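Novice: If you scroll down you'll find the structure; I have some questions about it.
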Amino acid sequence: MKNIIWKIFSLKVYIYSYEKGLKRMVEYKYLKSEEMGHLCRECLNHRHGLNLKRQDCVYGYYSGQCERCGKMKHIVIAISLKARWKLLFGKKGR
């Protein structure tokens, strides 16, 4: 039941965004499978037009090399549940 409600909500947000000429939201599934664990917070913000703060992200235990900027930084491995709303208003992926 939760899954059906979430799909209906996502569809309504998508239709509203399309009618208003807003850009499509970045999907969390895409970020989780393709980019999290590889990029730092600054690069995620830059690439997707997000406004993630330090407290919005969950970081890996050790620093790692960001694939985009090449610097040793804390790599984002997840985004908190509250911060996922920011994905609705980010620009379209890539």
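A note on labels: chains of the structure tokens are A, B, ... as shown, every chain counts residues from 1, and ligands are counted from 1 in their shown order.
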Find the residues around Ser33 in chain A up to 12 Å (only C-alpha atoms counted), leave out those fewer than 6 positions away in its own chain, and share them as a ChimeraX atom specification.

Specialist: /A:27,77-78

Novice: From the set A:Ala83, A:Val76, A:Val26, A:Val58, which residue has the shortest atom-to-atom contact distance to Arg41 in chain A, counting only C-alpha atoms?

Specialist: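 Among A:Ala83, A:Val76, A:Val26, A:Val58, it is A:Val76 that comes nearest to Arg41 in chain A.
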
Novice: Between CA of Cys69 in chain A and CA of Lys53 in chain A, what is the distance in Å, rounded to a tenth?

Specialist: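 Answer for the CA of Cys69 in chain A to CA of Lys53 in chain A separation: 18.3 Å.
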
Novice: Quote the spacing between CA of Gly49 in chain A and CA of Tyr62 in chain A in Å to one decimal place.

Specialist: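 Going from CA of Gly49 in chain A over to CA of Tyr62 in chain A covers 25.6 Å.
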